[in-house]
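The next block is input.cif, given as mmCIF, C-alpha atoms and all ligand atoms.
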data_upload
loop_
_atom_site.label_atom_id
_atom_site.label_comp_id
_atom_site.auth_asym_id
_atom_site.auth_seq_id
_atom_site.Cartn_x
_atom_site.Cartn_y
_atom_site.Cartn_z
CA MET A 386 0.00 0.00 0.00
CA ARG A 387 1.35 3.42 -0.87
CA VAL A 388 0.56 5.91 1.85
CA LYS A 389 1.37 9.56 1.07
CA GLU A 390 5.07 9.95 1.62
CA GLN A 391 4.70 12.90 3.98
CA LEU A 392 2.71 10.73 6.42
CA LEU A 393 5.81 8.62 7.04
CA SER A 394 7.41 11.52 8.89
CA LEU A 395 4.43 11.96 11.25
CA LYS A 396 3.55 10.23 14.49
CA PRO A 397 -0.03 9.71 15.60
CA TYR A 398 -1.02 12.22 18.29
CA GLN A 399 0.45 11.19 21.64
CA PRO A 400 -2.17 11.85 24.27
CA GLY A 401 -1.20 12.10 27.93
CA LYS A 402 -1.27 8.83 29.87
CA PRO A 403 -4.84 7.79 30.68
CA MET A 404 -5.67 8.26 34.36
CA GLU A 405 -6.66 4.63 34.92
CA GLU A 406 -3.34 3.41 33.58
CA VAL A 407 -1.38 5.72 35.86
CA LYS A 408 -3.41 4.55 38.85
CA LYS A 409 -2.57 0.92 38.18
CA GLU A 410 1.05 1.46 37.25
CA TYR A 411 1.94 3.44 40.36
CA ASN A 412 -0.56 1.86 42.70
CA LEU A 413 -2.35 5.12 43.45
CA THR A 414 -5.86 5.72 44.70
CA LYS A 415 -6.12 9.25 43.30
CA VAL A 416 -4.83 10.69 40.07
CA VAL A 417 -5.11 14.34 39.01
CA LYS A 418 -4.80 15.17 35.32
CA LEU A 419 -3.59 18.69 34.59
CA ALA A 420 -2.23 17.91 31.14
CA SER A 421 -4.69 18.96 28.45
CA ASN A 422 -6.01 22.33 29.62
CA GLU A 423 -9.37 20.84 30.48
CA ASN A 424 -11.75 22.76 32.72
CA PRO A 425 -11.37 21.55 36.35
CA TYR A 426 -14.98 22.62 37.02
CA GLY A 427 -16.44 20.50 34.23
CA CYS A 428 -19.21 22.16 32.26
CA SER A 429 -22.38 24.11 33.01
CA PRO A 430 -25.19 22.06 34.61
CA LYS A 431 -27.40 23.54 31.88
CA ALA A 432 -25.27 21.82 29.24
CA LYS A 433 -25.54 18.51 31.11
CA GLN A 434 -29.30 18.75 31.24
CA ALA A 435 -29.48 19.59 27.53
CA ILE A 436 -27.44 16.47 26.77
CA VAL A 437 -29.78 14.25 28.79
CA ASP A 438 -32.80 15.78 27.05
CA GLU A 439 -31.28 15.02 23.65
CA LEU A 440 -30.73 11.31 24.25
CA SER A 441 -34.03 10.25 22.66
CA GLN A 442 -32.78 11.67 19.33
CA LEU A 443 -29.56 9.69 18.95
CA ALA A 444 -30.82 7.72 15.95
CA ILE A 445 -31.35 10.89 13.94
CA TYR A 446 -28.51 12.60 12.07
CA PRO A 447 -27.61 16.02 13.42
CA ASP A 448 -28.44 19.21 11.56
CA GLY A 449 -25.42 19.52 9.30
CA TYR A 450 -25.78 23.30 9.23
CA SER A 451 -26.09 23.55 13.04
CA ALA A 452 -28.83 26.09 12.42
CA GLU A 453 -30.00 26.55 15.99
CA LEU A 454 -26.52 26.80 17.44
CA ARG A 455 -25.55 29.04 14.53
CA THR A 456 -28.32 31.53 15.32
CA LYS A 457 -27.47 31.51 19.00
CA LEU A 458 -23.73 31.80 18.54
CA ALA A 459 -23.97 34.51 15.87
CA ALA A 460 -25.90 36.66 18.34
CA HIS A 461 -23.49 35.78 21.14
CA VAL A 462 -20.36 36.64 19.16
CA GLY A 463 -21.94 39.55 17.30
CA VAL A 464 -21.57 38.33 13.71
CA GLN A 465 -23.82 37.19 10.87
CA GLU A 466 -24.86 33.53 10.75
CA GLN A 467 -23.02 33.04 7.44
CA GLU A 468 -19.82 34.20 9.12
CA LEU A 469 -19.48 30.96 11.13
CA ILE A 470 -18.17 27.47 10.37
CA PHE A 471 -18.43 24.63 12.89
CA GLY A 472 -15.95 21.83 13.44
CA ASN A 473 -15.56 18.62 15.39
CA GLY A 474 -13.45 20.65 17.77
CA SER A 475 -11.54 23.63 16.43
CA ASP A 476 -8.93 20.98 15.56
CA GLU A 477 -11.21 20.05 12.71
CA VAL A 478 -11.52 23.64 11.56
CA VAL A 479 -7.69 23.66 11.35
CA GLN A 480 -7.93 20.54 9.22
CA ILE A 481 -10.61 22.07 6.98
CA ILE A 482 -8.51 25.20 6.45
CA CYS A 483 -5.50 23.09 5.53
CA ARG A 484 -7.51 20.92 3.14
CA ALA A 485 -8.96 23.99 1.49
CA LEU A 486 -5.87 26.18 1.22
CA LEU A 487 -2.68 24.14 1.40
CA SER A 488 -1.02 22.05 -1.30
CA PRO A 489 2.51 21.01 -2.28
CA ASP A 490 3.00 24.25 -4.22
CA SER A 491 2.06 26.48 -1.26
CA ASN A 492 3.79 27.38 1.96
CA THR A 493 2.44 28.22 5.39
CA VAL A 494 3.97 30.36 8.13
CA MET A 495 3.68 29.74 11.87
CA ALA A 496 5.49 30.29 15.14
CA THR A 497 7.48 27.61 16.91
CA PRO A 498 6.73 26.29 19.47
CA THR A 499 3.01 26.67 18.99
CA PHE A 500 -0.09 24.47 18.79
CA PRO A 501 1.13 21.40 16.85
CA GLN A 502 -1.96 20.77 14.72
CA TYR A 503 -1.19 23.58 12.24
CA LYS A 504 2.05 21.92 11.25
CA HIS A 505 0.67 18.39 11.44
CA ASN A 506 -2.14 19.12 8.98
CA ALA A 507 0.10 21.22 6.74
CA VAL A 508 2.54 18.32 6.46
CA ILE A 509 -0.29 16.00 5.39
CA GLU A 510 -1.25 18.44 2.63
CA GLY A 511 2.37 18.44 1.46
CA SER A 512 2.77 22.17 2.02
CA GLU A 513 6.11 23.77 2.80
CA ILE A 514 6.25 24.85 6.44
CA ARG A 515 8.02 27.99 7.56
CA GLU A 516 8.47 28.16 11.32
CA VAL A 517 9.53 31.33 13.08
CA PRO A 518 10.92 30.92 16.62
CA LEU A 519 9.12 32.68 19.45
CA VAL A 520 11.03 35.54 21.07
CA ASP A 521 10.71 35.42 24.86
CA GLY A 522 7.67 33.19 24.39
CA ASN A 523 5.98 35.68 22.04
CA HIS A 524 5.16 35.50 18.35
CA ASP A 525 7.82 37.27 16.30
CA LEU A 526 5.34 38.88 13.92
CA GLU A 527 7.99 40.95 12.11
CA ASN A 528 9.94 37.86 11.15
CA MET A 529 6.76 36.00 10.30
CA LEU A 530 5.96 38.80 7.82
CA LEU A 531 9.40 38.35 6.26
CA GLN A 532 8.66 34.67 5.64
CA ILE A 533 5.54 35.43 3.60
CA ASP A 534 5.89 35.35 -0.19
CA GLU A 535 3.61 34.90 -3.21
CA ASN A 536 3.20 31.16 -2.48
CA THR A 537 2.15 31.63 1.13
CA THR A 538 -1.51 30.78 1.63
CA VAL A 539 -1.96 30.59 5.42
CA VAL A 540 -0.26 32.20 8.41
CA TRP A 541 -1.14 31.05 11.93
CA VAL A 542 -1.24 33.22 15.06
CA CYS A 543 -2.07 31.41 18.29
CA THR A 544 -3.09 33.89 20.99
CA PRO A 545 -2.94 33.08 23.84
CA ASN A 546 -0.22 30.83 22.49
CA ASN A 547 -0.20 27.19 23.49
CA PRO A 548 2.14 26.27 25.26
CA THR A 549 3.48 29.64 26.45
CA GLY A 550 0.21 31.39 27.40
CA THR A 551 1.50 34.64 25.89
CA TYR A 552 -0.74 36.83 23.72
CA VAL A 553 -0.56 39.28 20.84
CA THR A 554 -1.65 42.81 21.74
CA LYS A 555 -4.30 44.64 19.76
CA ASP A 556 -1.79 47.10 18.30
CA SER A 557 0.58 44.35 17.19
CA LEU A 558 -2.22 42.35 15.62
CA VAL A 559 -3.64 45.33 13.70
CA ASN A 560 -0.17 46.29 12.51
CA PHE A 561 0.36 42.69 11.35
CA LEU A 562 -3.01 42.47 9.59
CA ASN A 563 -2.23 45.72 7.77
CA LYS A 564 1.02 44.30 6.43
CA VAL A 565 0.00 40.77 5.48
CA PRO A 566 -0.74 40.57 1.73
CA LYS A 567 -4.44 40.06 0.95
CA HIS A 568 -3.89 36.69 -0.73
CA VAL A 569 -2.75 35.19 2.59
CA LEU A 570 -5.26 33.86 5.12
CA VAL A 571 -4.42 34.91 8.69
CA VAL A 572 -5.77 32.36 11.18
CA VAL A 573 -5.97 33.73 14.71
CA ASP A 574 -6.51 30.82 17.11
CA GLU A 575 -8.30 32.08 20.22
CA ALA A 576 -8.97 28.74 21.94
CA TYR A 577 -8.44 30.41 25.33
CA TYR A 578 -10.35 33.62 24.52
CA GLU A 579 -12.77 33.24 27.44
CA TYR A 580 -9.93 33.16 29.98
CA VAL A 581 -8.11 36.27 28.78
CA LEU A 582 -7.96 39.24 31.14
CA ALA A 583 -5.30 41.44 29.49
CA GLU A 584 -6.81 44.79 28.59
CA ASP A 585 -4.86 45.19 25.37
CA TYR A 586 -6.04 41.81 24.06
CA PRO A 587 -8.01 42.55 20.88
CA GLU A 588 -11.69 41.90 20.17
CA THR A 589 -10.55 40.30 16.93
CA VAL A 590 -14.11 39.61 15.79
CA GLU A 591 -14.54 43.34 15.11
CA PHE A 592 -11.93 43.06 12.35
CA ILE A 593 -13.45 40.36 10.16
CA ASN A 594 -15.12 42.76 7.74
CA GLU A 595 -12.15 45.06 7.48
CA TYR A 596 -9.83 42.11 6.80
CA PRO A 597 -11.50 39.60 4.48
CA ASN A 598 -8.38 37.40 4.85
CA LEU A 599 -8.88 36.94 8.61
CA MET A 600 -10.26 33.81 10.29
CA ILE A 601 -10.70 33.42 14.06
CA LEU A 602 -10.87 30.02 15.77
CA ARG A 603 -12.66 29.42 19.05
CA THR A 604 -13.86 26.36 20.92
CA PHE A 605 -16.26 24.97 23.49
CA SER A 606 -13.53 22.62 24.75
CA LYS A 607 -11.71 24.86 27.19
CA ALA A 608 -13.60 27.43 29.30
CA TYR A 609 -16.99 25.89 28.42
CA GLY A 610 -15.72 22.50 29.58
CA LEU A 611 -17.08 20.45 26.66
CA ALA A 612 -13.82 18.96 25.35
CA SER A 613 -15.20 15.43 25.05
CA LEU A 614 -18.07 16.51 22.79
CA ARG A 615 -15.75 18.00 20.17
CA ILE A 616 -17.18 21.28 19.03
CA GLY A 617 -15.38 24.42 17.93
CA TYR A 618 -15.86 27.08 15.29
CA GLY A 619 -14.30 29.54 12.90
CA ILE A 620 -15.39 33.16 12.36
CA ALA A 621 -14.64 34.95 9.09
CA ASN A 622 -16.35 36.96 6.40
CA ALA A 623 -19.16 35.11 4.62
CA GLU A 624 -17.41 34.72 1.28
CA LEU A 625 -14.40 33.03 2.83
CA ILE A 626 -16.62 30.72 4.88
CA ARG A 627 -18.59 29.81 1.75
CA LYS A 628 -15.37 28.96 -0.09
CA ILE A 629 -14.04 26.55 2.52
CA GLU A 630 -17.39 24.94 3.51
CA PRO A 631 -17.11 22.17 0.86
CA ALA A 632 -14.06 20.86 2.74
CA ARG A 633 -16.24 20.20 5.81
CA GLU A 634 -17.84 16.79 6.44
CA PRO A 635 -21.65 17.01 6.17
CA PHE A 636 -22.47 15.90 9.75
CA ASN A 637 -19.26 16.84 11.50
CA THR A 638 -20.75 18.04 14.79
CA SER A 639 -23.05 15.79 16.78
CA ARG A 640 -26.55 16.53 18.06
CA VAL A 641 -25.33 16.20 21.62
CA ALA A 642 -22.50 18.66 21.03
CA GLN A 643 -24.81 21.17 19.38
CA VAL A 644 -27.41 21.19 22.16
CA ALA A 645 -24.75 21.28 24.86
CA ALA A 646 -23.07 24.25 23.18
CA ILE A 647 -26.41 26.08 22.92
CA ALA A 648 -27.12 25.54 26.61
CA ALA A 649 -23.54 26.46 27.57
CA LEU A 650 -23.98 29.83 25.87
CA ASP A 651 -26.96 30.42 28.15
CA ASP A 652 -24.79 30.12 31.23
CA ALA A 653 -22.53 33.16 31.08
CA GLN A 654 -22.13 32.97 34.84
CA PHE A 655 -20.41 29.59 34.65
CA VAL A 656 -17.75 30.88 32.28
CA GLU A 657 -17.28 34.02 34.32
CA GLU A 658 -16.77 32.02 37.50
CA CYS A 659 -14.24 29.78 35.75
CA ARG A 660 -12.37 32.85 34.52
CA GLY A 661 -12.21 34.24 38.05
CA GLU A 662 -11.07 30.94 39.58
CA ASN A 663 -8.46 30.56 36.85
CA LYS A 664 -7.04 33.97 37.62
CA GLU A 665 -6.60 32.99 41.26
CA GLY A 666 -5.15 29.63 40.28
CA LEU A 667 -2.55 31.30 38.08
CA GLN A 668 -1.68 33.51 41.03
CA GLN A 669 -0.96 30.40 43.13
CA PHE A 670 1.53 29.23 40.51
CA TYR A 671 3.08 32.69 40.08
CA SER A 672 3.72 32.93 43.84
CA PHE A 673 5.30 29.50 43.85
CA CYS A 674 7.55 30.33 40.89
CA GLU A 675 8.63 33.62 42.38
CA GLU A 676 9.36 32.07 45.73
CA LEU A 677 11.53 29.37 44.19
CA LYS A 678 12.93 31.66 41.49
CA LEU A 679 11.64 29.48 38.67
CA PRO A 680 11.24 31.31 35.36
CA TYR A 681 7.72 31.17 33.88
CA TYR A 682 5.61 32.87 31.26
CA PRO A 683 2.74 35.01 32.55
CA SER A 684 -0.30 33.29 31.07
CA GLU A 685 -3.60 34.47 29.64
CA GLY A 686 -4.77 30.87 29.31
CA ASN A 687 -5.70 28.17 31.83
CA PHE A 688 -2.20 26.70 31.88
CA ILE A 689 1.29 27.78 32.80
CA LEU A 690 4.69 26.93 31.34
CA ILE A 691 7.33 26.76 34.06
CA ASP A 692 11.08 26.34 33.61
CA PHE A 693 12.57 23.85 36.10
CA ASN A 694 16.09 24.19 34.73
CA ARG A 695 16.45 20.46 34.29
CA ASP A 696 15.23 17.78 31.92
CA SER A 697 11.42 18.06 31.76
CA ASP A 698 10.91 14.31 31.88
CA GLU A 699 12.64 14.12 35.26
CA VAL A 700 10.11 16.48 36.83
CA PHE A 701 7.30 14.96 34.80
CA ASN A 702 8.07 11.45 36.08
CA ALA A 703 8.46 12.60 39.67
CA LEU A 704 4.97 14.11 39.50
CA LEU A 705 3.53 11.08 37.74
CA LYS A 706 4.64 8.79 40.58
CA LYS A 707 2.66 10.99 42.94
CA GLY A 708 -0.40 10.88 40.72
CA TYR A 709 -0.14 14.19 38.86
CA ILE A 710 -0.27 14.03 35.08
CA VAL A 711 1.08 17.17 33.42
CA ARG A 712 2.63 17.87 30.02
CA SER A 713 6.38 17.43 29.69
CA GLY A 714 8.01 20.31 27.83
CA ASN A 715 10.09 17.80 25.87
CA ALA A 716 7.18 17.16 23.54
CA LEU A 717 6.41 20.89 23.31
CA GLY A 718 9.75 22.34 22.30
CA PHE A 719 10.65 23.40 25.85
CA PRO A 720 12.91 20.60 27.12
CA THR A 721 13.35 22.05 30.62
CA HIS A 722 9.76 23.18 31.20
CA LEU A 723 6.46 21.66 32.24
CA ARG A 724 3.09 22.86 31.02
CA ILE A 725 0.62 22.56 33.87
CA THR A 726 -3.11 23.12 33.50
CA VAL A 727 -4.51 25.33 36.23
CA GLY A 728 -6.70 23.12 38.40
CA ASP A 729 -9.02 24.04 41.23
CA ARG A 730 -7.54 25.63 44.35
CA GLN A 731 -6.87 22.34 46.09
CA GLN A 732 -5.38 20.62 43.06
CA ASN A 733 -3.06 23.59 42.57
CA GLU A 734 -2.01 23.53 46.23
CA GLU A 735 -1.31 19.81 46.07
CA ILE A 736 0.71 19.86 42.89
CA ILE A 737 2.67 22.88 44.10
CA GLU A 738 3.49 20.95 47.28
CA ALA A 739 4.67 17.98 45.23
CA LEU A 740 6.79 20.26 43.04
CA ARG A 741 8.24 22.01 46.06
CA GLU A 742 9.44 18.71 47.50
CA PHE A 743 11.04 17.82 44.22
CA VAL A 744 12.71 21.14 43.52
CA GLN A 745 14.11 21.73 47.00
C1 LIG B 801 -7.09 22.99 22.78
C2 LIG B 801 -6.71 23.82 21.62
C3 LIG B 801 -7.39 23.72 20.39
C4 LIG B 801 -8.31 22.61 20.04
O1 LIG B 801 -9.45 22.57 20.69
P1 LIG B 801 -10.64 21.64 20.21
O2 LIG B 801 -10.89 20.74 21.35
O3 LIG B 801 -10.23 20.87 18.97
O4 LIG B 801 -11.71 22.61 19.92
C5 LIG B 801 -7.06 24.59 19.37
N1 LIG B 801 -6.10 25.48 19.53
C6 LIG B 801 -5.41 25.59 20.67
C7 LIG B 801 -4.34 26.60 20.78
C8 LIG B 801 -5.67 24.75 21.74
O5 LIG B 801 -4.93 24.82 22.85
#

Can you give me the file's structure in the form of structure tokens?
Ligand SMILES: *Cc1c(COP(=O)(O)O)cnc(C)c1O
Amino acid sequence: MRVKEQLLSLKPYQPGKPMEEVKKEYNLTKVVKLASNENPYGCSPKAKQAIVDELSQLAIYPDGYSAELRTKLAAHVGVQEQELIFGNGSDEVVQIICRALLSPDSNTVMATPTFPQYKHNAVIEGSEIREVPLVDGNHDLENMLLQIDENTTVVWVCTPNNPTGTYVTKDSLVNFLNKVPKHVLVVVDEAYYEYVLAEDYPETVEFINEYPNLMILRTFSKAYGLASLRIGYGIANAELIRKIEPAREPFNTSRVAQVAAIAALDDAQFVEECRGENKEGLQQFYSFCEELKLPYYPSEGNFILIDFNRDSDEVFNALLKKGYIVRSGNALGFPTHLRITVGDRQQNEEIIEALREFVQ
């Protein structure tokens, strides 16, 4: 069988160790997973109820256009209904963009390290990949501009950036959008939008009409706590959406995901509480880092990247033995860091205690 040659260079996605496996392996009664930036508070009870109410409909295909969610979300975000595209997670919107715009005669520009799915999907499409190193954890937008040429079709900006948690300010983003040639799609991935508190973080949605080459990605997986249901979306001007829609599978988001997302949008208070708790959780980690003089990146997401000044896997394994699953920086391009998802107050206290024992 002749698989596309570029697939030979890729590994299947390596998820964190499953909690049950860790329990057995290390003989633990409790395991805490702070590895995938999941919401420690779960999801809104309204979303749960909506899911239960939908169970009688499982035999029926979902609405492929997600009409009800579309109406609700358009009003919520403040855009037209035709300015949205839904995906099986925003991961799938990344895939759709790559299918629609990338080919072996194109190139695509992105930061490194950043969210790995941009590169992964670009490799599958056979596109040339131009990676621009972060500077102090931040996107180097000037150098990204320099990498753009007439064959560039997509440039990716992840803000807050996974895994650093850093963000692009409004002024920098506008300056960048003004300089990117119009034939290049700028994808601004705002998976952590709901957690952001920085005042100079842009309301990027306001720019979609001014910049017809702009696409924003958001998701219900993080602050809304619906990661397992797989639903995310893209926001862009209607013509662009119409052009890429054929690359989307007809029934790519499930009924259950659609109703849960609708109900989640009705519970603004849940998201607001999560944002507040996350802010305090980050503060717990900042205090710890400052006390022990560990370098870290101030984060606008629900995770923090901390430099332990030694091989990431060493710290990772020490935590794993105690029942804490985090993300080793080795797999993220930061070989001496760990990326830790902000948990609830107690989880944060416990993991900080475990880290303290190890570091001291
Ligand atoms: C988690 C994440 C996503 C993917 O989220 P989905 O679950 O596929 O919606 C996209 N981008 C970034 C930066 C992420 O961290």

Inset, instruction - For stretch 552-563 of chain A, please output as a list in words all residues within 8 Å (counting only C-alpha atoms; exclusion window: fewer than 2 positions along the same chain). - result: Asn523, His524, Leu526, Glu527, Leu530, Cys543, Thr544, Pro545, Asn546, Gly550, Val565, Val571, Asp585, Tyr586, Pro587, Glu588, Tyr596 and Glu685 of chain A

Legend entry - Pairwise distance for atom CA of A:Asp729 and atom CA of A:Glu657, rounded to one decimal in Å: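 Atom-to-atom, atom CA of A:Asp729 to atom CA of A:Glu657, that is 14.7 Å.
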
Inset, instruction - Just give me the gap between atom CA of A:Gly474 and atom CA of A:Leu486 in Å, one decimal is fine. - result: 19.0 Å

Legend entry - A:Val520, A:Val478, A:Val508, A:Leu625 ranked by distance to A:Asn492, top pick (using only C-alpha atoms):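 The shortest atom-to-atom distance to A:Asn492 comes from A:Val508.
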
Inset, instruction - Point out the residue among A:Lys415, A:Lys408, A:Lys389, A:Arg640 with the least atom-to-atom distance to A:Ala444, counting all atoms listed in the file. - result: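 So, comparing all the options, the nearest one is A:Arg640.
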
Inset, instruction - Produce as a ChimeraX atom specification the set of residues near ligand LIG 801 (chain B), where near means within 10 Å with all atoms listed in the file considered. - result: /A:421-423,471-479,499-503,542-548,550,573-578,602-607,610-618,686-688

Please, could you write that set of residues out with C-alpha atoms as a PDB file, in the frame of the given file?
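The resulting file, out-v4.pdb, is reproduced below:
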ATOM      1  CA  SER A 421      -4.690  18.960  28.450  1.00  0.00           C
ATOM      2  CA  ASN A 422      -6.010  22.330  29.620  1.00  0.00           C
ATOM      3  CA  GLU A 423      -9.370  20.840  30.480  1.00  0.00           C
ATOM      4  CA  PHE A 471     -18.430  24.630  12.890  1.00  0.00           C
ATOM      5  CA  GLY A 472     -15.950  21.830  13.440  1.00  0.00           C
ATOM      6  CA  ASN A 473     -15.560  18.620  15.390  1.00  0.00           C
ATOM      7  CA  GLY A 474     -13.450  20.650  17.770  1.00  0.00           C
ATOM      8  CA  SER A 475     -11.540  23.630  16.430  1.00  0.00           C
ATOM      9  CA  ASP A 476      -8.930  20.980  15.560  1.00  0.00           C
ATOM     10  CA  GLU A 477     -11.210  20.050  12.710  1.00  0.00           C
ATOM     11  CA  VAL A 478     -11.520  23.640  11.560  1.00  0.00           C
ATOM     12  CA  VAL A 479      -7.690  23.660  11.350  1.00  0.00           C
ATOM     13  CA  THR A 499       3.010  26.670  18.990  1.00  0.00           C
ATOM     14  CA  PHE A 500      -0.090  24.470  18.790  1.00  0.00           C
ATOM     15  CA  PRO A 501       1.130  21.400  16.850  1.00  0.00           C
ATOM     16  CA  GLN A 502      -1.960  20.770  14.720  1.00  0.00           C
ATOM     17  CA  TYR A 503      -1.190  23.580  12.240  1.00  0.00           C
ATOM     18  CA  VAL A 542      -1.240  33.220  15.060  1.00  0.00           C
ATOM     19  CA  CYS A 543      -2.070  31.410  18.290  1.00  0.00           C
ATOM     20  CA  THR A 544      -3.090  33.890  20.990  1.00  0.00           C
ATOM     21  CA  PRO A 545      -2.940  33.080  23.840  1.00  0.00           C
ATOM     22  CA  ASN A 546      -0.220  30.830  22.490  1.00  0.00           C
ATOM     23  CA  ASN A 547      -0.200  27.190  23.490  1.00  0.00           C
ATOM     24  CA  PRO A 548       2.140  26.270  25.260  1.00  0.00           C
ATOM     25  CA  GLY A 550       0.210  31.390  27.400  1.00  0.00           C
ATOM     26  CA  VAL A 573      -5.970  33.730  14.710  1.00  0.00           C
ATOM     27  CA  ASP A 574      -6.510  30.820  17.110  1.00  0.00           C
ATOM     28  CA  GLU A 575      -8.300  32.080  20.220  1.00  0.00           C
ATOM     29  CA  ALA A 576      -8.970  28.740  21.940  1.00  0.00           C
ATOM     30  CA  TYR A 577      -8.440  30.410  25.330  1.00  0.00           C
ATOM     31  CA  TYR A 578     -10.350  33.620  24.520  1.00  0.00           C
ATOM     32  CA  LEU A 602     -10.870  30.020  15.770  1.00  0.00           C
ATOM     33  CA  ARG A 603     -12.660  29.420  19.050  1.00  0.00           C
ATOM     34  CA  THR A 604     -13.860  26.360  20.920  1.00  0.00           C
ATOM     35  CA  PHE A 605     -16.260  24.970  23.490  1.00  0.00           C
ATOM     36  CA  SER A 606     -13.530  22.620  24.750  1.00  0.00           C
ATOM     37  CA  LYS A 607     -11.710  24.860  27.190  1.00  0.00           C
ATOM     38  CA  GLY A 610     -15.720  22.500  29.580  1.00  0.00           C
ATOM     39  CA  LEU A 611     -17.080  20.450  26.660  1.00  0.00           C
ATOM     40  CA  ALA A 612     -13.820  18.960  25.350  1.00  0.00           C
ATOM     41  CA  SER A 613     -15.200  15.430  25.050  1.00  0.00           C
ATOM     42  CA  LEU A 614     -18.070  16.510  22.790  1.00  0.00           C
ATOM     43  CA  ARG A 615     -15.750  18.000  20.170  1.00  0.00           C
ATOM     44  CA  ILE A 616     -17.180  21.280  19.030  1.00  0.00           C
ATOM     45  CA  GLY A 617     -15.380  24.420  17.930  1.00  0.00           C
ATOM     46  CA  TYR A 618     -15.860  27.080  15.290  1.00  0.00           C
ATOM     47  CA  GLY A 686      -4.770  30.870  29.310  1.00  0.00           C
ATOM     48  CA  ASN A 687      -5.700  28.170  31.830  1.00  0.00           C
ATOM     49  CA  PHE A 688      -2.200  26.700  31.880  1.00  0.00           C
TER      50      PHE A 688
END

Is it possible to get the residues within 6 Å of (6.3, 30.6, 13.8) (coordinates as in the file, counting all atoms listed in the file) written as a short mmCIF file (atom, residue, chain, number, x, y, z; two decimals) with C-alpha atoms, in the frame of the given file?
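Result file is out_14.cif:
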data_model
loop_
_atom_site.label_atom_id
_atom_site.label_comp_id
_atom_site.auth_asym_id
_atom_site.auth_seq_id
_atom_site.Cartn_x
_atom_site.Cartn_y
_atom_site.Cartn_z
CA MET A 495 3.68 29.74 11.87
CA ALA A 496 5.49 30.29 15.14
CA THR A 497 7.48 27.61 16.91
CA GLU A 516 8.47 28.16 11.32
CA VAL A 517 9.53 31.33 13.08
CA PRO A 518 10.92 30.92 16.62
#

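Here atom CA of A:Asp652 stands at a distance of 27.2 Å from atom CA of A:Thr551.
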
Inset, instruction - Please provide as a list in words all residues within 9 Å of stretch 694-702 of chain A, with the sequence filter that same-chain residues fewer than 3 positions apart are discarded (counting all atoms listed in the file). - result: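 Returned residues: Leu679, Pro680, Leu705, Lys706, Lys707, Tyr709, Ile710, Val711, Arg712, Ser713, Gly714, Asn715, Phe719, Pro720, Thr721, His722, Leu723, Leu740, Phe743 and Val744 of chain A.
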
How would the residues just chosen look if you wrote them out with C-alpha atoms as a PDB file, in the coordinates of the input?
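Okay, this is what ended up in out.pdb:
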ATOM      1  CA  LEU A 679      11.640  29.480  38.670  1.00  0.00           C
ATOM      2  CA  PRO A 680      11.240  31.310  35.360  1.00  0.00           C
ATOM      3  CA  LEU A 705       3.530  11.080  37.740  1.00  0.00           C
ATOM      4  CA  LYS A 706       4.640   8.790  40.580  1.00  0.00           C
ATOM      5  CA  LYS A 707       2.660  10.990  42.940  1.00  0.00           C
ATOM      6  CA  TYR A 709      -0.140  14.190  38.860  1.00  0.00           C
ATOM      7  CA  ILE A 710      -0.270  14.030  35.080  1.00  0.00           C
ATOM      8  CA  VAL A 711       1.080  17.170  33.420  1.00  0.00           C
ATOM      9  CA  ARG A 712       2.630  17.870  30.020  1.00  0.00           C
ATOM     10  CA  SER A 713       6.380  17.430  29.690  1.00  0.00           C
ATOM     11  CA  GLY A 714       8.010  20.310  27.830  1.00  0.00           C
ATOM     12  CA  ASN A 715      10.090  17.800  25.870  1.00  0.00           C
ATOM     13  CA  PHE A 719      10.650  23.400  25.850  1.00  0.00           C
ATOM     14  CA  PRO A 720      12.910  20.600  27.120  1.00  0.00           C
ATOM     15  CA  THR A 721      13.350  22.050  30.620  1.00  0.00           C
ATOM     16  CA  HIS A 722       9.760  23.180  31.200  1.00  0.00           C
ATOM     17  CA  LEU A 723       6.460  21.660  32.240  1.00  0.00           C
ATOM     18  CA  LEU A 740       6.790  20.260  43.040  1.00  0.00           C
ATOM     19  CA  PHE A 743      11.040  17.820  44.220  1.00  0.00           C
ATOM     20  CA  VAL A 744      12.710  21.140  43.520  1.00  0.00           C
TER      21      VAL A 744
END

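Of the residues under consideration (A:Ile482, A:Leu582, A:Val464, A:Val416), A:Ile482 shows the shortest atom-to-atom contact distance to A:Met600 when counting all atoms listed in the file.
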
Near stretch 659-668 of chain A, 10 Å: stretch 536-626 of chain A residue rows, closest pairs, all atoms listed in the file, as a Markdown table:
| residue | atom | partner | partner_atom | distance |
| --- | --- | --- | --- | --- |
| A:Glu579 | CA | A:Arg660 | CA | 7.1 |
| A:Tyr580 | CA | A:Arg660 | CA | 5.2 |
| A:Val581 | CA | A:Arg660 | CA | 7.9 |
| A:Leu582 | CA | A:Lys664 | CA | 8.4 |
| A:Ala608 | CA | A:Cys659 | CA | 6.9 |
| A:Tyr609 | CA | A:Cys659 | CA | 8.7 |
| A:Gly610 | CA | A:Cys659 | CA | 9.7 |

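Restricting the calculation to only C-alpha atoms, the smallest distance between A:Ile689 and any of A:Gln654, A:Thr549, A:Asn637, A:Gln643 is found for A:Thr549.
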